[in-house]
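What follows is upload.pdb (PDB, C-alpha atoms and all ligand atoms).
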```
ATOM      1  CA  MET A 114      22.260   9.973 -42.348
ATOM      2  CA  ALA A 115      20.502   9.278 -39.148
ATOM      3  CA  SER A 116      20.573   5.713 -38.084
ATOM      4  CA  GLY A 117      17.445   3.630 -38.026
ATOM      5  CA  THR A 118      14.817   2.910 -40.588
ATOM      6  CA  ILE A 119      14.262   5.270 -43.477
ATOM      7  CA  PHE A 120      10.547   4.528 -43.326
ATOM      8  CA  PRO A 121       8.414   6.159 -40.695
ATOM      9  CA  VAL A 122       7.423   3.686 -38.050
ATOM     10  CA  ARG A 123       3.692   3.170 -38.314
ATOM     11  CA  LYS A 124       1.903   2.780 -35.085
ATOM     12  CA  LYS A 125      -0.181  -0.339 -34.994
ATOM     13  CA  ALA A 126      -3.805   0.717 -35.367
ATOM     14  CA  ALA A 127      -5.907   0.005 -32.308
ATOM     15  CA  PRO A 128      -8.566  -2.615 -33.008
ATOM     16  CA  SER A 129     -11.937  -1.047 -33.705
ATOM     17  CA  PRO A 130     -14.741  -1.472 -31.154
ATOM     18  CA  GLY A 131     -16.530  -3.731 -33.628
ATOM     19  CA  ARG A 132     -13.466  -5.918 -34.082
ATOM     20  CA  THR A 133     -12.829  -6.141 -30.359
ATOM     21  CA  ALA A 134     -16.459  -7.000 -29.660
ATOM     22  CA  ALA A 135     -16.542  -9.561 -32.466
ATOM     23  CA  ARG A 136     -13.425 -11.198 -31.066
ATOM     24  CA  GLU A 137     -14.946 -11.396 -27.590
ATOM     25  CA  VAL A 138     -18.246 -12.812 -28.772
ATOM     26  CA  ILE A 139     -16.643 -15.295 -31.157
ATOM     27  CA  GLY A 140     -14.447 -16.471 -28.310
ATOM     28  CA  LYS A 141     -17.568 -17.185 -26.311
ATOM     29  CA  TYR A 142     -18.689 -19.578 -29.054
ATOM     30  CA  GLY A 143     -15.296 -21.198 -29.348
ATOM     31  CA  GLY A 144     -14.593 -19.629 -32.734
ATOM     32  CA  ARG A 145     -17.058 -21.958 -34.418
ATOM     33  CA  LYS A 146     -17.763 -20.837 -37.981
ATOM     34  CA  ARG A 147     -21.300 -22.208 -37.683
ATOM     35  CA  ALA A 148     -22.082 -19.824 -34.837
ATOM     36  CA  VAL A 149     -22.589 -16.859 -37.170
ATOM     37  CA  ILE A 150     -26.234 -16.368 -36.154
ATOM     38  CA  GLN A 151     -25.511 -16.446 -32.422
ATOM     39  CA  VAL A 152     -22.526 -14.144 -32.883
ATOM     40  CA  LEU A 153     -24.633 -11.638 -34.819
ATOM     41  CA  GLN A 154     -27.418 -11.869 -32.238
ATOM     42  CA  ASP A 155     -25.002 -11.081 -29.423
ATOM     43  CA  LEU A 156     -23.421  -8.214 -31.320
ATOM     44  CA  GLN A 157     -26.791  -6.748 -32.193
ATOM     45  CA  GLU A 158     -27.795  -6.941 -28.552
ATOM     46  CA  ARG A 159     -24.657  -5.038 -27.667
ATOM     47  CA  PHE A 160     -24.768  -2.354 -30.376
ATOM     48  CA  ARG A 161     -28.537  -2.500 -31.126
ATOM     49  CA  TRP A 162     -27.699  -2.873 -34.825
ATOM     50  CA  LEU A 163     -25.100  -4.387 -37.145
ATOM     51  CA  SER A 164     -22.863  -1.936 -38.944
ATOM     52  CA  VAL A 165     -20.798  -2.797 -42.015
ATOM     53  CA  GLU A 166     -17.744  -2.574 -39.778
ATOM     54  CA  THR A 167     -19.236  -5.156 -37.418
ATOM     55  CA  LEU A 168     -20.112  -7.527 -40.277
ATOM     56  CA  GLU A 169     -16.582  -7.195 -41.657
ATOM     57  CA  ALA A 170     -15.118  -7.869 -38.227
ATOM     58  CA  VAL A 171     -17.199 -11.039 -37.858
ATOM     59  CA  ALA A 172     -16.115 -12.248 -41.303
ATOM     60  CA  LEU A 173     -12.450 -11.574 -40.519
ATOM     61  CA  GLU A 174     -12.492 -13.087 -37.056
ATOM     62  CA  LEU A 175     -14.445 -16.173 -38.095
ATOM     63  CA  ASP A 176     -12.504 -16.435 -41.338
ATOM     64  CA  VAL A 177     -15.645 -16.771 -43.430
ATOM     65  CA  PRO A 178     -16.609 -14.777 -46.543
ATOM     66  CA  LEU A 179     -18.185 -11.396 -45.850
ATOM     67  CA  ALA A 180     -20.932 -12.338 -48.331
ATOM     68  CA  HIS A 181     -21.943 -15.210 -46.052
ATOM     69  CA  VAL A 182     -22.146 -12.995 -42.949
ATOM     70  CA  TYR A 183     -24.061 -10.396 -44.919
ATOM     71  CA  SER A 184     -26.530 -12.951 -46.273
ATOM     72  CA  VAL A 185     -27.282 -14.195 -42.748
ATOM     73  CA  ALA A 186     -27.708 -10.634 -41.478
ATOM     74  CA  THR A 187     -30.123  -9.758 -44.263
ATOM     75  CA  PHE A 188     -32.046 -13.049 -44.218
ATOM     76  CA  TYR A 189     -33.328 -12.771 -40.647
ATOM     77  CA  LYS A 190     -35.742  -9.929 -40.014
ATOM     78  CA  SER A 191     -34.592  -9.672 -36.416
ATOM     79  CA  PHE A 192     -31.269  -8.223 -37.553
ATOM     80  CA  SER A 193     -31.067  -4.528 -38.245
ATOM     81  CA  LEU A 194     -28.486  -3.045 -40.569
ATOM     82  CA  GLU A 195     -29.485   0.446 -39.537
ATOM     83  CA  PRO A 196     -29.018   2.180 -36.204
ATOM     84  CA  ARG A 197     -31.866   1.545 -33.767
ATOM     85  CA  GLY A 198     -33.000   3.522 -30.776
ATOM     86  CA  ARG A 199     -32.353   2.802 -27.129
ATOM     87  CA  HIS A 200     -36.015   1.813 -26.886
ATOM     88  CA  ILE A 201     -37.738  -0.370 -29.453
ATOM     89  CA  CYS A 202     -41.503  -0.173 -29.955
ATOM     90  CA  THR A 203     -43.051  -2.728 -32.278
ATOM     91  CA  VAL A 204     -46.674  -2.672 -33.358
ATOM     92  CA  CYS A 205     -48.125  -5.737 -35.006
ATOM     93  CA  MET A 206     -50.017  -5.201 -38.237
ATOM     94  CA  GLY A 207     -50.724  -8.831 -39.041
ATOM     95  CA  THR A 208     -54.247  -9.807 -40.023
ATOM     96  CA  ALA A 209     -55.577 -10.506 -36.526
ATOM     97  CA  CYS A 210     -54.114  -7.304 -35.111
ATOM     98  CA  HIS A 211     -55.160  -5.287 -38.130
ATOM     99  CA  VAL A 212     -58.831  -6.278 -37.888
ATOM    100  CA  ARG A 213     -58.839  -5.562 -34.159
ATOM    101  CA  GLY A 214     -57.594  -2.011 -34.423
ATOM    102  CA  GLY A 215     -53.886  -2.357 -35.132
ATOM    103  CA  THR A 216     -53.905   0.602 -37.514
ATOM    104  CA  ALA A 217     -55.272   2.953 -34.853
ATOM    105  CA  VAL A 218     -52.709   1.623 -32.367
ATOM    106  CA  LEU A 219     -49.859   2.200 -34.807
ATOM    107  CA  GLU A 220     -51.066   5.709 -35.608
ATOM    108  CA  HIS A 221     -51.263   6.458 -31.909
ATOM    109  CA  PHE A 222     -47.687   5.293 -31.355
ATOM    110  CA  GLU A 223     -46.591   7.448 -34.291
ATOM    111  CA  ARG A 224     -48.334  10.502 -32.853
ATOM    112  CA  ARG A 225     -46.999  10.007 -29.327
ATOM    113  CA  LEU A 226     -43.440   9.264 -30.411
ATOM    114  CA  GLY A 227     -43.440  11.856 -33.193
ATOM    115  CA  ILE A 228     -41.971   9.493 -35.767
ATOM    116  CA  PRO A 229     -43.475   7.340 -38.524
ATOM    117  CA  ALA A 230     -43.202   3.576 -38.364
ATOM    118  CA  GLY A 231     -39.836   2.374 -39.580
ATOM    119  CA  GLN A 232     -37.915   5.329 -38.169
ATOM    120  CA  THR A 233     -35.738   6.204 -35.218
ATOM    121  CA  SER A 234     -36.112   9.477 -33.335
ATOM    122  CA  PRO A 235     -33.401  12.022 -34.224
ATOM    123  CA  GLY A 236     -31.660  11.636 -30.866
ATOM    124  CA  GLY A 237     -31.637   7.856 -31.198
ATOM    125  CA  GLU A 238     -33.920   7.442 -28.197
ATOM    126  CA  VAL A 239     -36.627   5.276 -29.739
ATOM    127  CA  THR A 240     -37.342   3.243 -32.850
ATOM    128  CA  LEU A 241     -40.874   2.464 -33.997
ATOM    129  CA  GLU A 242     -41.350  -0.665 -36.068
ATOM    130  CA  ARG A 243     -44.308  -2.473 -37.605
ATOM    131  CA  VAL A 244     -44.317  -6.205 -38.129
ATOM    132  CA  ASN A 245     -46.586  -8.814 -39.637
ATOM    133  CA  CYS A 246     -47.642 -11.161 -36.824
ATOM    134  CA  LEU A 247     -45.749 -11.720 -33.629
ATOM    135  CA  GLY A 248     -47.252 -15.150 -33.159
ATOM    136  CA  ALA A 249     -49.598 -14.215 -30.312
ATOM    137  CA  CYS A 250     -52.742 -13.382 -32.299
ATOM    138  CA  ALA A 251     -55.073 -14.168 -29.370
ATOM    139  CA  LEU A 252     -53.733 -11.004 -27.741
ATOM    140  CA  ALA A 253     -54.486  -8.781 -30.741
ATOM    141  CA  PRO A 254     -53.980  -5.927 -31.137
ATOM    142  CA  LEU A 255     -50.474  -6.439 -29.900
ATOM    143  CA  ALA A 256     -47.500  -4.171 -29.307
ATOM    144  CA  VAL A 257     -44.065  -4.962 -27.900
ATOM    145  CA  VAL A 258     -42.077  -2.340 -26.045
ATOM    146  CA  ASP A 259     -38.484  -3.131 -25.155
ATOM    147  CA  GLY A 260     -39.157  -6.839 -25.391
ATOM    148  CA  ARG A 261     -42.297  -6.841 -23.265
ATOM    149  CA  TYR A 262     -45.581  -7.896 -24.885
ATOM    150  CA  TYR A 263     -48.736  -5.841 -24.371
ATOM    151  CA  GLY A 264     -51.938  -7.448 -25.611
ATOM    152  CA  GLN A 265     -55.304  -5.803 -26.287
ATOM    153  CA  MET A 266     -53.397  -2.608 -26.890
ATOM    154  CA  ASN A 267     -55.337   0.628 -27.033
ATOM    155  CA  GLU A 268     -54.593   4.324 -26.765
ATOM    156  CA  SER A 269     -54.792   4.633 -22.982
ATOM    157  CA  LYS A 270     -52.657   1.524 -22.464
ATOM    158  CA  ALA A 271     -50.134   2.867 -24.976
ATOM    159  CA  ASN A 272     -49.991   6.147 -23.067
ATOM    160  CA  GLU A 273     -49.148   4.268 -19.870
ATOM    161  CA  VAL A 274     -46.546   2.071 -21.536
ATOM    162  CA  LEU A 275     -44.875   5.003 -23.288
ATOM    163  CA  LYS A 276     -44.897   7.286 -20.268
ATOM    164  CA  PRO A 277     -41.429   6.320 -18.951
ATOM    165  CA  ILE A 278     -39.902   6.409 -22.428
ATOM    166  CA  LEU A 279     -41.322   9.846 -23.168
ATOM    167  CA  ALA A 280     -40.108  11.001 -19.771
ATOM    168  CA  GLY A 281     -36.609   9.803 -20.621
ATOM    169  CA  ARG A 282     -36.667   6.948 -18.142
ATOM    170  CA  ASP A 283     -36.239   3.242 -18.698
ATOM    171  CA  ALA A 284     -39.207   1.180 -19.784
ATOM    172  CA  PRO A 285     -40.310  -1.719 -17.530
ATOM    173  CA  PRO A 286     -37.718  -4.495 -17.499
ATOM    174  CA  ALA A 287     -37.919  -6.916 -20.368
ATOM    175  CA  SER A 288     -36.605  -9.837 -18.355
ATOM    176  CA  ASP A 289     -40.034 -11.459 -18.335
ATOM    177  CA  LYS A 290     -40.384 -11.538 -22.088
ATOM    178  CA  GLY A 291     -43.588 -12.961 -23.432
ATOM    179  CA  PRO A 292     -47.264 -12.022 -23.451
ATOM    180  CA  VAL A 293     -47.877 -10.358 -20.102
ATOM    181  CA  ASP A 294     -50.471  -7.607 -20.332
TER     182      ASP A 294
HETATM  183  S1  LIG B 301     -51.422 -10.802 -36.215
HETATM  184 FE1  LIG B 301     -50.595  -9.738 -34.537
HETATM  185  S2  LIG B 301     -49.779 -11.315 -33.314
HETATM  186 FE2  LIG B 301     -50.538 -12.358 -35.038
END
```

Mind turning this structure into structure tokens?
Amino acid sequence: MASGTIFPVRKKAAPSPGRTAAREVIGKYGGRKRAVIQVLQDLQERFRWLSVETLEAVALELDVPLAHVYSVATFYKSFSLEPRGRHICTVCMGTACHVRGGTAVLEHFERRLGIPAGQTSPGGEVTLERVNCLGACALAPLAVVDGRYYGQMNESKANEVLKPILAGRDAPPASDKGPVD
């Protein structure tokens, strides 16, 4: 009989991208169990959404129950448990925006992007979302594209804002987040 183990040597599985990322981010917060929200925020920023694998990795690395991580991820509306596009368009349909033409704005975004609200384009380029009040009602009707706020939104303004996205380029930088236009 050949020397050595009778069991095949199993190669150690490489850590998944979610596990590696979770480890990195958790390290940034010193492994604090109470940093679940910040950890999830960072991971969502990196992956644009939170997969089951990512949630499991956070639970394992932080040594907290998966149910706890899952409950945080589902409690906050800012977390997405579904894949999101490279560009995120959000149209407000709160009361102030609704009475000032929010419905027409949303329909225009849907027409231009070719997807209904709540969906991501097949190639994963853009996600269109509707929300109830972004907290800047004085700017109604309001839309947010890649983190940049556009007040008094209308069809011609939407066309301008969406032009780079529809052309496959990057939208204006979102570094100056907040009501700007
Ligand atoms: S209702 Fe649209 S920002 Fe408040």

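Residues of protein or nucleic acid lying within 7 Å of ligand LIG 301 (chain B), counting all atoms listed in the file, are A:Cys205, A:Met206, A:Gly207, A:Thr208, A:Ala209, A:Cys210, A:His211, A:Asn245, A:Cys246, A:Leu247, A:Gly248, A:Ala249, A:Cys250, A:Leu252, A:Ala253, A:Pro254, A:Leu255.
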
| Just how far from CA of Gly131 in chain A is CA of Val165 in chain A, in Å to one decimal? | 9.5 Å

| request: Would you translate the PyMOL selection byres (((chain A and resi 153-163) around 9) and not hetatm) into the concrete set of residues it matches in this file, as an MDAnalysis selection string? | output: chainID A and resid 131 134:135 138 148:152 164:168 171 182 185:186 191:199

| What does the distance between CA of Tyr189 in chain A and CA of Val274 in chain A come to in Å, to one decimal place? | 27.6 Å

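The coordinates place CA of Arg132 in chain A at 13.8 Å from CA of Gly144 in chain A.
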
| field | Which of A:Leu226, A:Leu175, A:Ala170, A:Ala271 sits closest to His200 in chain A [using all atoms listed in the file] | value | A:Leu226

| remark: Across A:Pro130, A:Gly231, A:Gly264, A:Gly237, the smallest distance to Gly281 in chain A, with all atoms listed in the file counted, is shown by A:Gly237

| For Arg261 in chain A, which residue among A:Val204, A:Ile228, A:Leu173, A:Leu219 is the nearest when counting only C-alpha atoms? | A:Val204

What do you get, as a PDB file with C-alpha atoms, in the frame of the given file, if you spell out every residue that the PyMOL selection byres (((chain A and resi 203) around 9) and not hetatm) selects here?
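What landed in selection.pdb:
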```
ATOM      1  CA  ILE A 201     -37.738  -0.370 -29.453  1.00  0.00           C
ATOM      2  CA  CYS A 202     -41.503  -0.173 -29.955  1.00  0.00           C
ATOM      3  CA  VAL A 204     -46.674  -2.672 -33.358  1.00  0.00           C
ATOM      4  CA  CYS A 205     -48.125  -5.737 -35.006  1.00  0.00           C
ATOM      5  CA  LEU A 219     -49.859   2.200 -34.807  1.00  0.00           C
ATOM      6  CA  ALA A 230     -43.202   3.576 -38.364  1.00  0.00           C
ATOM      7  CA  THR A 240     -37.342   3.243 -32.850  1.00  0.00           C
ATOM      8  CA  LEU A 241     -40.874   2.464 -33.997  1.00  0.00           C
ATOM      9  CA  GLU A 242     -41.350  -0.665 -36.068  1.00  0.00           C
ATOM     10  CA  ARG A 243     -44.308  -2.473 -37.605  1.00  0.00           C
ATOM     11  CA  VAL A 244     -44.317  -6.205 -38.129  1.00  0.00           C
ATOM     12  CA  LEU A 255     -50.474  -6.439 -29.900  1.00  0.00           C
ATOM     13  CA  ALA A 256     -47.500  -4.171 -29.307  1.00  0.00           C
ATOM     14  CA  VAL A 257     -44.065  -4.962 -27.900  1.00  0.00           C
ATOM     15  CA  VAL A 258     -42.077  -2.340 -26.045  1.00  0.00           C
ATOM     16  CA  ASP A 259     -38.484  -3.131 -25.155  1.00  0.00           C
ATOM     17  CA  GLY A 260     -39.157  -6.839 -25.391  1.00  0.00           C
TER      18      GLY A 260
END
```

Step by step, gather every atom of range 187-200 of chain A that the file lists, find the box along x, y and z that holds them, add 3 Å on each side, and finally give centre and edge lengths in Å to one decimal, as JSON.
```
{"center_x": -32.3, "center_y": -4.8, "center_z": -35.6, "size_x": 13.5, "size_y": 22.6, "size_z": 23.4}
```

| field | Using all atoms listed in the file: which of A:Val177, A:Ile139, A:Ala217, A:Ala172 has the shortest distance to Glu268 in chain A | value | A:Ala217

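The smallest atom-to-atom distance between Arg136 in chain A and any of A:Tyr183, A:Arg225, A:Val212, A:Glu174, using only C-alpha atoms, is found for A:Glu174.
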